[in-house]
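Report on one structure; see the data block that follows.
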Amino acid sequence: MRRFTLIAIPYLWLFALFVVPFLIVVRISFSYYELSIPPYGPQLDLSTGWDGVKAFFAELNWDNYAFLTGDDLYWKAYLSSLKIALIATFLTLLVGFPIAYAMAKAAEEWRPMLMMLIILPFWTSFLIRVYAWIGILGTEGYLNQLMLGIGLIDAPLTILNTNVAVYIGIVYTYLPFMVLPIYAALEKMDDSLLEAAEDLGCTRTQAFWLVTAPLAKSGIIAGCFLVFIPSLGEFVIPSLLGGSDTLMIGKVLWEEFFSNRDWPVASTVAVILLLILIIPIILFQRNEQKQRETDG
Amino acid sequence: MAQSPQDVFAPWDDATEKPLIRFRNVTKNFGDFTAIDDLTLDIYAKEFFALLGPSGCGKTTLMRMLAGFEKPTTGTIELDGKDIANVPPNQRAVNMMFQSYALFPHLSVYENIAFGLKRSDMDKADIPARVDEMLRLTRLQKFAKRKPHQISGGQRQRVALARSLAKAPKLLLLDEPLGALDKKLRHETQFELMDIQEKTGTTFVIVTHDQEEAMTVASRVAVMDAGVIVQVATPDRIYETPNSVYVADFIGEVNLIEGHAAVDNGVATISWAEGQPPITAKTDLTADTQCTYAVRPEKITITQHEPQDRPNKIKGAVLDIAYLGNISTYHVELPDGKVIKAQTANDRRIARRSFTWEDTVWLSWTDTAGVVLTA
Amino acid sequence: MKKIALLLATTTFASAAFAEEVRVYNWSDYIDEDLLTKFEEETGIDLIYDVFDSNEVLETKMLAGSSGYDVVVPTGDFLQRQISAGAFQPLDMDQLPNAGNLWDIIEARTSQYDPENAYSINYMWGTTGLGVNVAKVAEALGEDAPINSLDLIFNPENMEKLSACGVYFLDAPSEVIPAALNYLGEDPNSEDPDAIAKAEEVLMGVRPYIQKFHSSEYINALANGEVCVAFGWSGDILQARDRAAEADNGVEIAYNAPTEGALMWFDQMAIPVDAPNTEAAHTFLNFILDAQNMAAASNYVYYANGNLASQEFLIEDVIGDTAIYPDAATLENLYTKAPYDSRVQRTITRLWTKIKSGT
């Protein structure tokens with residue numbers, strides 16, 4: 001009985017904090033817009049008993065899904081988000097891997113401090129840190145002033161309100177999520193493996209690709225997922241740092257909800273976003289499962 | 001060593017033989033620390049050469065210089081007559097078996113062994129045959145598809161050996177190859193190593209801190225201390241005629257007796273304690289000198305009665321008996337409190353053993369049993 | 001502003017158990033903060049002050065219900081929609097003795113959104129127009145740049161030259177689309193699909209040169225020289241002008257209502273139907289209706305108000321500036337905007353997404 005209770009806790013948690021809210025979102029996605037409080041219908045009217053329930057379900061429909069597929073804005077937004085999230089994940093990997101590598105190779109007594117430095121930014125509000133980038137990236141910002149000052153450029157670059165700023169923001173914000181799993185994977189690696197690879201005829205570069213990279217694979221995959229998933233639905237970074245050209249599904253979702261006050265469409269966008277996210281997660285887990293089975 | 005080289009493998013005694021490896025005045029510094037101090041050493045092809053010494057003596061540094069992971073600060077290292085100081089590890093015809101084995105955890109046994117071959121200029125089609133040969137040599141055929149974490153420690157050791165041998169290197173370096181194995185497996189593996197060395201004809205250089213292992217496997221042993229080689233010789237010479245107290249003490253058990261030697265015509269008469277007769281020993285020394293006389297416990301005979309016709313004899317009392325199964329070591333206390341160890345083979349059952357605690361006994365040995373050391 | 005709201009929130013929470021409180025949700029940068037402390041001192045009611053920067057966000061909260069706010073400030077056309085959704089409660093005029101201060105001319109105009117002004121009082125009103133960084137626009141377009149004409153922002157030739165120094169637009173379709181219609185000589189309130197399509201064409205033509213659609217960032221961006229043109233609200237641009245002057249950073253900002261005609265809008269204070277502190281909400285409204293308080297607010301934010309009695313307390317910079325209190329001729333030229341029909345609303349919002357994202 002106690003064991004059952006123990007197992008039940010995470011499921012209850014999942015049920016209360018994921019399944020129930022998600023079902024509410026699904027229900028709204030099948031509703032229609034109405035100028036009322038709340039701004040969608042139908043509302044479940046239990047006073048008329050069973051008929052009320054039947055009438056309620058009869059009014060739910062797939063219109064919003066049809067609307068979404070009928071308007072290329074949403075597909076473009078999903079694709080553009082996928083593109084931005086993929087590029088950002090790749091860039092984060094590019095920046096994060098050397099950091100994780102350097103940390104794993106650093107002297108033992110330095111590692112806790114390096115780890116601290118990686119985690120430290122989390123102690124400040126995410127919003128404030130993103131706002132700080134506005135001050136850095138603006139045409140009159142520190143970065144442009146610095147580059148103008150040292151004569152690197154003649155005229156200020158427009159970085160703020162472009163996709164470049166969005167990439168910078170995502171890489172900056174999610175870097176620790178990339179660094180930590182890769183670090184964990186690399187830290188376990190025995191240095192003599194690289195010497196063995198060299199001894200067996202590899203150049204340093206080959207040794208990296210044949211030994212270091214495969215051993216860091218699990219960390220790289222975990223890091224990429226930790227960065228990719230939140231950046232796909234990211235709203236704060238594109239809306240603060242991105243410009244009018246930055247099309248991301250998180251922003252579209254926000255606009256459907258707040259600007260258009262169309263909760264049903266916003267919910268539909270959210271449901272589809274979740275479905276898009278679930279597919280790679282399932283694929284990833286299947287792959288892991290298979291890996292485990294062959295390793296037996 | 002009067003035998004001709006055809007009978008016994010001893011290229012180091014043949015002046016016409018060219019060494020495979022030559023260390024010439026090699027010094028290696030790490031900052032202020034001198035790991036290797038002006039070392040000169042020749043190692044010949046097909047040798048099974050052991051570097052023996054306590055940790056920190058420089059033996060691993062010496063090996064890493066051979067592999068190419070370290071460069072000498074001064075001096076030259078030649079392989080086959082060529083200076084290899086600037087040849088990177090991946091271009092040396094030298095392979096190394098790591099103490100940790102350093103097997104690639106993401107690759108199967110087969111892929112581990114094939115790793116070096118794929119990096120070589122070997123024809124792709126010939127690789128499977130070579131890997132199979134290595135698997136057979138190390139009796140690993142059944143485990144080819146397993147990953148390193150799915151096999152035992154002894155099997156892993158063999159994979160590491162197979163991998164380092166696969167490219168048929170001129171020189172194989174083994175860094176404490178048996179350190180991680182339990183004692184019984186270690187003994188078996190020592191003979192397996194010798195067998196493989198003989199079959200493949202590869203020159204082996206082994207680093208170990210285990211003197212028994214070095215004695216068992218090596219054609220020659222170099223005993224190292226603080227960055228210098230104290231003695232290089234065949235195992236029997238190292239044991240029987242150590243050139244210094246350090247070597248005598250490092251290899252096996254020994255009784256060390258300090259005294260003053262009066263040398264006359266190849267015979268040293270060593271006075272070592274008040275009221276005790278001097279020790280006589282054959283020696284190469286030519287002048288009187290302070291010395292240490294070293295004699296192995298098994299060379300000392302223990303008897304109940306005073307023996308006749310023995311040049312060296314002392315009386316004492318049995319202090320302690322260490323029964324080791326095949327042999328027993330007696331700790332005999334002399335009147336002045338000094339303890340001498342003597343060994344006898346247990347060719348009889350315990351019940352019929354001659355001596356017990358506090359018995360008065362005589363220790364005796366010949367004038368060739370020990371060596372007179374001045375270093 | 002947010003910091004102050006937070007500060008107020010924390011100080012008030014400490015004594016929340018005893019004191020009455022009122023929660024106000026107003027536009028950002030839209031009040032003299034001294035008034036907030038003054039209100040607390042005079043009435044002993046704890047004031048929790050939060051800000052927003054778009055009518056859409058406010059409406060989302062109103063239509064979701066249980067916003068927890070006692071006083072909110074929607075703009076006229078949004079107020080009208082929300083009244084019909086049943087989001088507000090009628091005001092109790094007995095609790096608003098200062099209502100007599102209201103300006104009949106403005107009341108007449110706001111009654112088209114809130115018949116008989118039963119649900120709301122006017123807080124501020126203003127126009128939507130052009131904020132320019134005088135020097136930078138002159139540099140980009142020459143001394144005779146059309147800084148008082150919609151041509152400045154709707155003519156792609158001008159916009160292309162301006163894009164280097166930065167252009168911000170309000171993120172408010174119900175203001176930008178009527179302006180584009182007006183530029184084309186159409187009725188700004190037109191719901192005719194053909195007219196709206198033409199407005200779309202105009203906006204799509206200049207879209208590539210617009211750095212950002214945002215309804216509050218332009219105040220700072222103009223003031224520190226980050227952008228050179230903003231299509232925004234009169235008082236906000238005048239605030240940017242004053243911030244730049246205060247900072248003495250060499251940036252000179254000017255506001256002009258377009259000569260083609262400008263949108264005149266009214267921000268109305270109303271009490272949500274489910275407000276937890278109705279009585280305190282009325283106290284707050286009455287406080288705001290006080291002539292001197294209202295004047296203090298206007299003197300601070302550079303917007304005209306609907307309070308006739310306050311005018312004698314207004315500083316010359318405000319009452320004498322035709323950009324704030326337009327002269328009769330300009331007033332003639334101003335138009336108002338009625339809310340879109342809910343069917344048209346979806347077309348408009350979709351169009352707006354398309355304009356903003358280029359998709």
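Lettering and numbering for the structure tokens are positional, with chains as A, B, ... in the shown order, residues counted from 1 in each chain, and ligands counted from 1 in the shown order.
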So which residues touch Ala375 in chain B within 9 Å, counting only C-alpha atoms, skipping near sequence neighbours fewer than 3 positions away, as number ranges by chain?
B: 243-246, 291-292
Keeping only N, CA, C and O atoms, write those residues as a PDB file, in the first residue's frame.
ATOM      1  N   ASN B 243      74.127  -4.326  -7.443  1.00  0.00           N
ATOM      2  CA  ASN B 243      75.292  -3.454  -7.398  1.00  0.00           C
ATOM      3  C   ASN B 243      75.201  -2.435  -6.283  1.00  0.00           C
ATOM      4  O   ASN B 243      76.064  -1.593  -6.125  1.00  0.00           O
ATOM      5  N   SER B 244      74.108  -2.464  -5.541  1.00  0.00           N
ATOM      6  CA  SER B 244      73.967  -1.454  -4.490  1.00  0.00           C
ATOM      7  C   SER B 244      73.004  -1.964  -3.429  1.00  0.00           C
ATOM      8  O   SER B 244      72.234  -2.904  -3.670  1.00  0.00           O
ATOM      9  N   VAL B 245      73.082  -1.335  -2.285  1.00  0.00           N
ATOM     10  CA  VAL B 245      72.167  -1.655  -1.204  1.00  0.00           C
ATOM     11  C   VAL B 245      70.725  -1.433  -1.669  1.00  0.00           C
ATOM     12  O   VAL B 245      69.832  -2.211  -1.373  1.00  0.00           O
ATOM     13  N   TYR B 246      70.543  -0.333  -2.455  1.00  0.00           N
ATOM     14  CA  TYR B 246      69.196  -0.001  -2.924  1.00  0.00           C
ATOM     15  C   TYR B 246      68.595  -1.167  -3.710  1.00  0.00           C
ATOM     16  O   TYR B 246      67.457  -1.585  -3.470  1.00  0.00           O
ATOM     17  N   CYS B 291      81.719  -1.093   4.308  1.00  0.00           N
ATOM     18  CA  CYS B 291      80.858  -1.779   3.360  1.00  0.00           C
ATOM     19  C   CYS B 291      79.560  -2.235   4.008  1.00  0.00           C
ATOM     20  O   CYS B 291      79.377  -2.133   5.216  1.00  0.00           O
ATOM     21  N   THR B 292      78.656  -2.694   3.133  1.00  0.00           N
ATOM     22  CA  THR B 292      77.464  -3.390   3.610  1.00  0.00           C
ATOM     23  C   THR B 292      77.508  -4.782   3.001  1.00  0.00           C
ATOM     24  O   THR B 292      77.723  -4.939   1.798  1.00  0.00           O
TER      25      THR B 292
END
Which residues, written as JSON, numbers by chain, have at least one atom at most 8 Å from Pro242 in chain B, with only C-alpha atoms counted and residues fewer than 5 positions away on the same chain left out?
{"B": [231, 237, 247, 248, 371]}
Any idea what's packed within 12 Å of Ala35 in chain B, counting only C-alpha atoms, ignoring anything in its chain fewer than 4 positions away? Could you give it as number ranges by chain?
B: 26-31, 39, 55-65, 70-73, 224-229
Based on DSSP run over this structure's backbone, return all residues of range 133-330 of chain C in strand (DSSP E), as a ChimeraX atom specification.
/C:133,167-169,212-213,229-233,253-256,263-270,304-305
Taking 2 positions as the minimum chain separation for residues in the same chain, which residues sit within 9 Å of Gly154 in chain B when counting only C-alpha atoms? Answer as a list in words.
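My reading of the contact set: Ile151, Ser152, Arg156, Gln157, Arg158, Val159, Leu178, Ala180, Leu181, Leu185, Arg186 and Thr189 of chain B.
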Could you save the residues just selected, with all heavy atoms, as an mmCIF file, in the first residue's frame?
data_model
loop_
_atom_site.group_PDB
_atom_site.id
_atom_site.type_symbol
_atom_site.label_atom_id
_atom_site.label_comp_id
_atom_site.auth_asym_id
_atom_site.auth_seq_id
_atom_site.Cartn_x
_atom_site.Cartn_y
_atom_site.Cartn_z
ATOM 1 N N ILE B 151 32.340 -7.090 -20.109
ATOM 2 C CA ILE B 151 33.277 -8.210 -19.944
ATOM 3 C C ILE B 151 34.049 -8.041 -18.649
ATOM 4 O O ILE B 151 34.011 -6.975 -18.027
ATOM 5 C CB ILE B 151 34.239 -8.310 -21.159
ATOM 6 C CG1 ILE B 151 34.998 -6.999 -21.357
ATOM 7 C CG2 ILE B 151 33.492 -8.712 -22.408
ATOM 8 C CD1 ILE B 151 35.979 -7.035 -22.513
ATOM 9 N N SER B 152 34.770 -9.106 -18.235
ATOM 10 C CA SER B 152 35.463 -9.084 -16.951
ATOM 11 C C SER B 152 36.772 -8.293 -17.042
ATOM 12 O O SER B 152 37.230 -7.956 -18.134
ATOM 13 C CB SER B 152 35.771 -10.508 -16.520
ATOM 14 O OG SER B 152 36.835 -11.003 -17.326
ATOM 15 N N ARG B 156 39.113 -7.536 -20.266
ATOM 16 C CA ARG B 156 39.420 -6.156 -20.670
ATOM 17 C C ARG B 156 40.924 -5.984 -20.867
ATOM 18 O O ARG B 156 41.366 -5.343 -21.810
ATOM 19 C CB ARG B 156 38.940 -5.171 -19.598
ATOM 20 C CG ARG B 156 37.657 -4.479 -19.996
ATOM 21 C CD ARG B 156 37.168 -3.596 -18.889
ATOM 22 N NE ARG B 156 36.191 -4.337 -18.107
ATOM 23 C CZ ARG B 156 35.714 -3.925 -16.943
ATOM 24 N NH1 ARG B 156 36.142 -2.805 -16.404
ATOM 25 N NH2 ARG B 156 34.817 -4.636 -16.322
ATOM 26 N N GLN B 157 41.669 -6.574 -19.945
ATOM 27 C CA GLN B 157 43.126 -6.495 -20.039
ATOM 28 C C GLN B 157 43.588 -7.094 -21.361
ATOM 29 O O GLN B 157 44.452 -6.547 -22.032
ATOM 30 C CB GLN B 157 43.710 -7.230 -18.831
ATOM 31 C CG GLN B 157 45.178 -7.021 -18.611
ATOM 32 C CD GLN B 157 46.002 -8.117 -19.263
ATOM 33 O OE1 GLN B 157 45.470 -9.112 -19.747
ATOM 34 N NE2 GLN B 157 47.297 -7.905 -19.297
ATOM 35 N N ARG B 158 42.958 -8.180 -21.749
ATOM 36 C CA ARG B 158 43.369 -8.839 -22.997
ATOM 37 C C ARG B 158 42.958 -8.018 -24.219
ATOM 38 O O ARG B 158 43.660 -7.993 -25.218
ATOM 39 C CB ARG B 158 42.784 -10.249 -23.066
ATOM 40 C CG ARG B 158 43.291 -11.139 -21.925
ATOM 41 C CD ARG B 158 43.443 -12.581 -22.349
ATOM 42 N NE ARG B 158 42.191 -13.196 -22.753
ATOM 43 C CZ ARG B 158 41.318 -13.758 -21.908
ATOM 44 N NH1 ARG B 158 41.578 -13.791 -20.613
ATOM 45 N NH2 ARG B 158 40.213 -14.292 -22.352
ATOM 46 N N VAL B 159 41.798 -7.340 -24.100
ATOM 47 C CA VAL B 159 41.378 -6.468 -25.209
ATOM 48 C C VAL B 159 42.408 -5.361 -25.382
ATOM 49 O O VAL B 159 42.837 -5.038 -26.495
ATOM 50 C CB VAL B 159 39.988 -5.847 -24.950
ATOM 51 C CG1 VAL B 159 39.624 -4.874 -26.076
ATOM 52 C CG2 VAL B 159 38.931 -6.931 -24.834
ATOM 53 N N LEU B 178 49.271 -5.387 -15.397
ATOM 54 C CA LEU B 178 48.547 -6.390 -14.619
ATOM 55 C C LEU B 178 48.091 -5.832 -13.278
ATOM 56 O O LEU B 178 47.565 -6.568 -12.442
ATOM 57 C CB LEU B 178 49.443 -7.617 -14.407
ATOM 58 C CG LEU B 178 50.114 -8.124 -15.686
ATOM 59 C CD1 LEU B 178 51.077 -9.248 -15.372
ATOM 60 C CD2 LEU B 178 49.068 -8.579 -16.692
ATOM 61 N N ALA B 180 45.674 -4.159 -12.248
ATOM 62 C CA ALA B 180 44.277 -4.178 -11.829
ATOM 63 C C ALA B 180 43.743 -5.590 -11.633
ATOM 64 O O ALA B 180 42.589 -5.778 -11.301
ATOM 65 C CB ALA B 180 43.432 -3.438 -12.859
ATOM 66 N N LEU B 181 44.581 -6.595 -11.851
ATOM 67 C CA LEU B 181 44.100 -7.977 -11.763
ATOM 68 C C LEU B 181 44.399 -8.555 -10.378
ATOM 69 O O LEU B 181 45.343 -8.151 -9.710
ATOM 70 C CB LEU B 181 44.791 -8.834 -12.825
ATOM 71 C CG LEU B 181 44.633 -8.347 -14.266
ATOM 72 C CD1 LEU B 181 45.345 -9.314 -15.208
ATOM 73 C CD2 LEU B 181 43.175 -8.195 -14.651
ATOM 74 N N LEU B 185 45.167 -14.380 -11.183
ATOM 75 C CA LEU B 185 45.022 -14.027 -12.596
ATOM 76 C C LEU B 185 46.308 -13.360 -13.088
ATOM 77 O O LEU B 185 46.726 -13.549 -14.227
ATOM 78 C CB LEU B 185 43.821 -13.079 -12.736
ATOM 79 C CG LEU B 185 43.284 -12.863 -14.145
ATOM 80 C CD1 LEU B 185 42.899 -14.200 -14.760
ATOM 81 C CD2 LEU B 185 42.065 -11.956 -14.093
ATOM 82 N N ARG B 186 46.918 -12.601 -12.195
ATOM 83 C CA ARG B 186 48.135 -11.893 -12.567
ATOM 84 C C ARG B 186 49.232 -12.899 -12.938
ATOM 85 O O ARG B 186 49.911 -12.742 -13.932
ATOM 86 C CB ARG B 186 48.570 -11.009 -11.397
ATOM 87 C CG ARG B 186 49.562 -9.949 -11.792
ATOM 88 C CD ARG B 186 49.490 -8.767 -10.864
ATOM 89 N NE ARG B 186 49.926 -9.115 -9.525
ATOM 90 C CZ ARG B 186 49.369 -8.656 -8.418
ATOM 91 N NH1 ARG B 186 48.345 -7.838 -8.494
ATOM 92 N NH2 ARG B 186 49.824 -8.997 -7.243
ATOM 93 N N THR B 189 48.493 -14.458 -16.235
ATOM 94 C CA THR B 189 48.628 -13.506 -17.326
ATOM 95 C C THR B 189 50.092 -13.207 -17.620
ATOM 96 O O THR B 189 50.453 -12.947 -18.770
ATOM 97 C CB THR B 189 47.853 -12.237 -17.000
ATOM 98 O OG1 THR B 189 46.577 -12.607 -16.517
ATOM 99 C CG2 THR B 189 47.685 -11.353 -18.213
#
Any idea what's packed within 8 Å of range 199-205 of chain A, counting only C-alpha atoms, ignoring anything in its chain fewer than 4 positions away? Could you give it as a list in words?
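Returned residues: Glu195 and Trp209 of chain A; Ala67, Pro89, Asn90, Gln91, Arg92, Val94, Asn95, Met96, Phe115, Gly116, Leu117, Arg119, Ser120 and Ser164 of chain B.
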Could you save the residues just selected, with N, CA and C atoms, as a short mmCIF file (atom, residue, chain, number, x, y, z; two decimals), in the first residue's frame?
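Output contents, as saved in selection-v2.cif:
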data_model
loop_
_atom_site.label_atom_id
_atom_site.label_comp_id
_atom_site.auth_asym_id
_atom_site.auth_seq_id
_atom_site.Cartn_x
_atom_site.Cartn_y
_atom_site.Cartn_z
N GLU A 195 44.77 9.84 -25.19
CA GLU A 195 46.15 9.42 -25.44
C GLU A 195 46.15 8.10 -26.19
N TRP A 209 36.81 13.69 -32.68
CA TRP A 209 35.58 13.22 -33.34
C TRP A 209 35.28 11.76 -33.06
N ALA B 67 56.45 6.76 -25.87
CA ALA B 67 55.17 6.81 -26.59
C ALA B 67 55.02 8.12 -27.34
N PRO B 89 52.95 11.13 -31.33
CA PRO B 89 52.59 9.77 -30.92
C PRO B 89 51.91 8.99 -32.04
N ASN B 90 51.06 9.70 -32.83
CA ASN B 90 50.28 8.97 -33.83
C ASN B 90 51.12 8.54 -35.03
N GLN B 91 52.38 8.97 -35.08
CA GLN B 91 53.22 8.55 -36.21
C GLN B 91 54.37 7.66 -35.77
N ARG B 92 54.33 7.21 -34.52
CA ARG B 92 55.41 6.34 -34.05
C ARG B 92 55.00 4.88 -34.20
N VAL B 94 55.09 2.72 -32.33
CA VAL B 94 55.12 2.35 -30.92
C VAL B 94 53.67 2.34 -30.46
N ASN B 95 53.26 1.33 -29.75
CA ASN B 95 51.92 1.35 -29.17
C ASN B 95 52.03 1.12 -27.69
N MET B 96 50.97 1.54 -27.03
CA MET B 96 51.02 1.50 -25.58
C MET B 96 49.77 0.83 -25.05
N PHE B 115 40.36 -0.26 -34.12
CA PHE B 115 40.49 1.21 -34.09
C PHE B 115 41.80 1.69 -34.73
N GLY B 116 42.91 1.11 -34.25
CA GLY B 116 44.21 1.55 -34.75
C GLY B 116 44.43 1.16 -36.21
N LEU B 117 43.89 -0.01 -36.59
CA LEU B 117 44.07 -0.49 -37.96
C LEU B 117 43.38 0.43 -38.95
N ARG B 119 43.01 3.48 -38.66
CA ARG B 119 43.78 4.72 -38.76
C ARG B 119 45.10 4.47 -39.52
N SER B 120 45.43 3.23 -39.79
CA SER B 120 46.70 2.94 -40.47
C SER B 120 46.48 2.85 -41.97
N SER B 164 46.61 -2.98 -28.62
CA SER B 164 47.92 -2.34 -28.78
C SER B 164 48.85 -3.16 -29.66
#
Which residues of chain A are close to chain B, meaning at most 12 Å apart when you count only C-alpha atoms, and how do they look as a PyMOL selection string?
chain A and resi 188-207+210-218+291+294-296
Given the selection you just returned, output its residues as a file containing N, CA, C and O atoms, formatted as a compact mmCIF listing (two decimals), in the first residue's frame.
# COMPACT_ATOMS: atom_id res chain seq x y z
N LYS A 188 33.34 12.62 -16.76
CA LYS A 188 33.56 11.20 -16.47
C LYS A 188 34.63 10.60 -17.38
O LYS A 188 35.12 9.52 -17.13
N MET A 189 34.97 11.32 -18.44
CA MET A 189 35.86 10.75 -19.45
C MET A 189 37.29 10.68 -18.93
O MET A 189 37.81 11.62 -18.37
N ASP A 190 37.92 9.51 -19.16
CA ASP A 190 39.29 9.27 -18.75
C ASP A 190 40.22 9.91 -19.79
O ASP A 190 40.11 9.65 -20.97
N ASP A 191 41.13 10.77 -19.33
CA ASP A 191 42.04 11.45 -20.25
C ASP A 191 42.89 10.47 -21.07
O ASP A 191 43.28 10.77 -22.19
N SER A 192 43.15 9.30 -20.48
CA SER A 192 44.01 8.35 -21.20
C SER A 192 43.35 7.84 -22.47
O SER A 192 44.02 7.33 -23.36
N LEU A 193 41.99 8.00 -22.58
CA LEU A 193 41.31 7.58 -23.81
C LEU A 193 41.83 8.37 -25.01
O LEU A 193 42.03 7.83 -26.09
N LEU A 194 42.06 9.67 -24.79
CA LEU A 194 42.55 10.50 -25.88
C LEU A 194 43.99 10.13 -26.23
O LEU A 194 44.37 10.10 -27.40
N GLU A 195 44.77 9.84 -25.19
CA GLU A 195 46.15 9.42 -25.44
C GLU A 195 46.15 8.10 -26.19
O GLU A 195 46.94 7.89 -27.12
N ALA A 196 45.24 7.20 -25.79
CA ALA A 196 45.15 5.90 -26.46
C ALA A 196 44.82 6.11 -27.93
O ALA A 196 45.41 5.47 -28.81
N ALA A 197 43.87 7.01 -28.21
CA ALA A 197 43.47 7.26 -29.59
C ALA A 197 44.65 7.80 -30.39
O ALA A 197 44.90 7.38 -31.52
N GLU A 198 45.39 8.73 -29.76
CA GLU A 198 46.56 9.29 -30.45
C GLU A 198 47.60 8.20 -30.68
O GLU A 198 48.22 8.11 -31.73
N ASP A 199 47.78 7.38 -29.65
CA ASP A 199 48.76 6.31 -29.72
C ASP A 199 48.42 5.34 -30.86
O ASP A 199 49.30 4.78 -31.48
N LEU A 200 47.11 5.20 -31.12
CA LEU A 200 46.68 4.26 -32.16
C LEU A 200 46.61 4.92 -33.53
O LEU A 200 46.05 4.35 -34.45
N GLY A 201 47.12 6.15 -33.63
CA GLY A 201 47.26 6.73 -34.95
C GLY A 201 46.33 7.89 -35.27
O GLY A 201 46.32 8.37 -36.40
N CYS A 202 45.55 8.36 -34.30
CA CYS A 202 44.67 9.49 -34.56
C CYS A 202 45.42 10.80 -34.40
O CYS A 202 46.28 10.91 -33.54
N THR A 203 45.02 11.78 -35.20
CA THR A 203 45.47 13.13 -34.90
C THR A 203 44.58 13.64 -33.77
O THR A 203 43.57 13.02 -33.44
N ARG A 204 44.93 14.80 -33.22
CA ARG A 204 44.12 15.37 -32.13
C ARG A 204 42.67 15.55 -32.58
O ARG A 204 41.73 15.28 -31.85
N THR A 205 42.51 16.04 -33.83
CA THR A 205 41.17 16.30 -34.35
C THR A 205 40.39 15.01 -34.49
O THR A 205 39.23 14.92 -34.09
N GLN A 206 41.06 13.99 -35.06
CA GLN A 206 40.37 12.70 -35.20
C GLN A 206 39.98 12.15 -33.84
O GLN A 206 38.88 11.64 -33.66
N ALA A 207 40.91 12.28 -32.89
CA ALA A 207 40.63 11.76 -31.55
C ALA A 207 39.39 12.45 -30.98
O ALA A 207 38.55 11.82 -30.34
N LEU A 210 36.34 10.96 -32.87
CA LEU A 210 36.13 9.53 -32.70
C LEU A 210 35.94 9.13 -31.24
O LEU A 210 35.38 8.08 -30.95
N VAL A 211 36.44 9.94 -30.32
CA VAL A 211 36.36 9.55 -28.92
C VAL A 211 35.55 10.56 -28.09
O VAL A 211 34.51 10.24 -27.52
N THR A 212 36.03 11.81 -28.06
CA THR A 212 35.37 12.81 -27.20
C THR A 212 33.91 13.01 -27.61
O THR A 212 33.01 12.94 -26.77
N ALA A 213 33.70 13.23 -28.90
CA ALA A 213 32.34 13.53 -29.35
C ALA A 213 31.36 12.38 -29.06
O ALA A 213 30.30 12.61 -28.47
N PRO A 214 31.71 11.13 -29.41
CA PRO A 214 30.75 10.05 -29.09
C PRO A 214 30.49 9.90 -27.59
O PRO A 214 29.38 9.59 -27.19
N LEU A 215 31.52 10.14 -26.78
CA LEU A 215 31.33 9.97 -25.34
C LEU A 215 30.49 11.11 -24.78
O LEU A 215 29.79 10.96 -23.78
N ALA A 216 30.56 12.28 -25.43
CA ALA A 216 29.76 13.41 -24.96
C ALA A 216 28.36 13.36 -25.54
O ALA A 216 27.51 14.18 -25.23
N LYS A 217 28.10 12.38 -26.41
CA LYS A 217 26.84 12.34 -27.16
C LYS A 217 25.61 12.46 -26.26
O LYS A 217 24.73 13.28 -26.52
N SER A 218 25.58 11.66 -25.21
CA SER A 218 24.38 11.68 -24.36
C SER A 218 24.20 13.09 -23.76
O SER A 218 23.08 13.59 -23.70
N GLN A 291 18.90 1.81 -27.49
CA GLN A 291 20.31 1.85 -27.10
C GLN A 291 20.54 0.97 -25.87
O GLN A 291 21.45 0.17 -25.80
N THR A 294 20.20 -2.82 -26.67
CA THR A 294 21.35 -3.43 -27.33
C THR A 294 22.54 -3.52 -26.39
O THR A 294 23.31 -4.46 -26.45
N ASP A 295 22.63 -2.55 -25.49
CA ASP A 295 23.73 -2.59 -24.52
C ASP A 295 23.47 -3.66 -23.46
O ASP A 295 24.41 -4.17 -22.87
N GLY A 296 22.17 -3.94 -23.26
CA GLY A 296 21.72 -4.95 -22.33
C GLY A 296 22.55 -5.05 -21.09
O GLY A 296 22.91 -6.01 -20.56
Any idea which chain C residues end up within 8 Å of chain A if we count only C-alpha atoms, as number ranges by chain please?
C: 56-57, 59-60, 62-65, 81, 84-87, 210-213, 225-226, 346, 349, 353-354, 356-359
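The spacing separating CA of Gln292 in chain C from CA of Ser310 in chain C amounts to 5.8 Å.
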Which of range 196-354 of chain C DSSP labels alpha helix (DSSP H), written as number ranges by chain:
C: 196-206, 217-223, 234-247, 278-289, 291-301, 316-319, 328-333, 342-354
Polymer residues at most 9 Å from Thr301 in chain B, only C-alpha atoms, same-chain spacing of 3 or more positions, as a list of chain:residue names:
B:Pro297, B:Glu298, B:Ala342, B:Gln343, B:Thr344, B:Trp362, B:Leu363, B:Ser364, B:Trp365
Can you measure CA of Thr16 in chain B to CA of Glu47 in chain B for me? One decimal in Å is fine.
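Separation of CA of Thr16 in chain B and CA of Glu47 in chain B: 16.1 Å.
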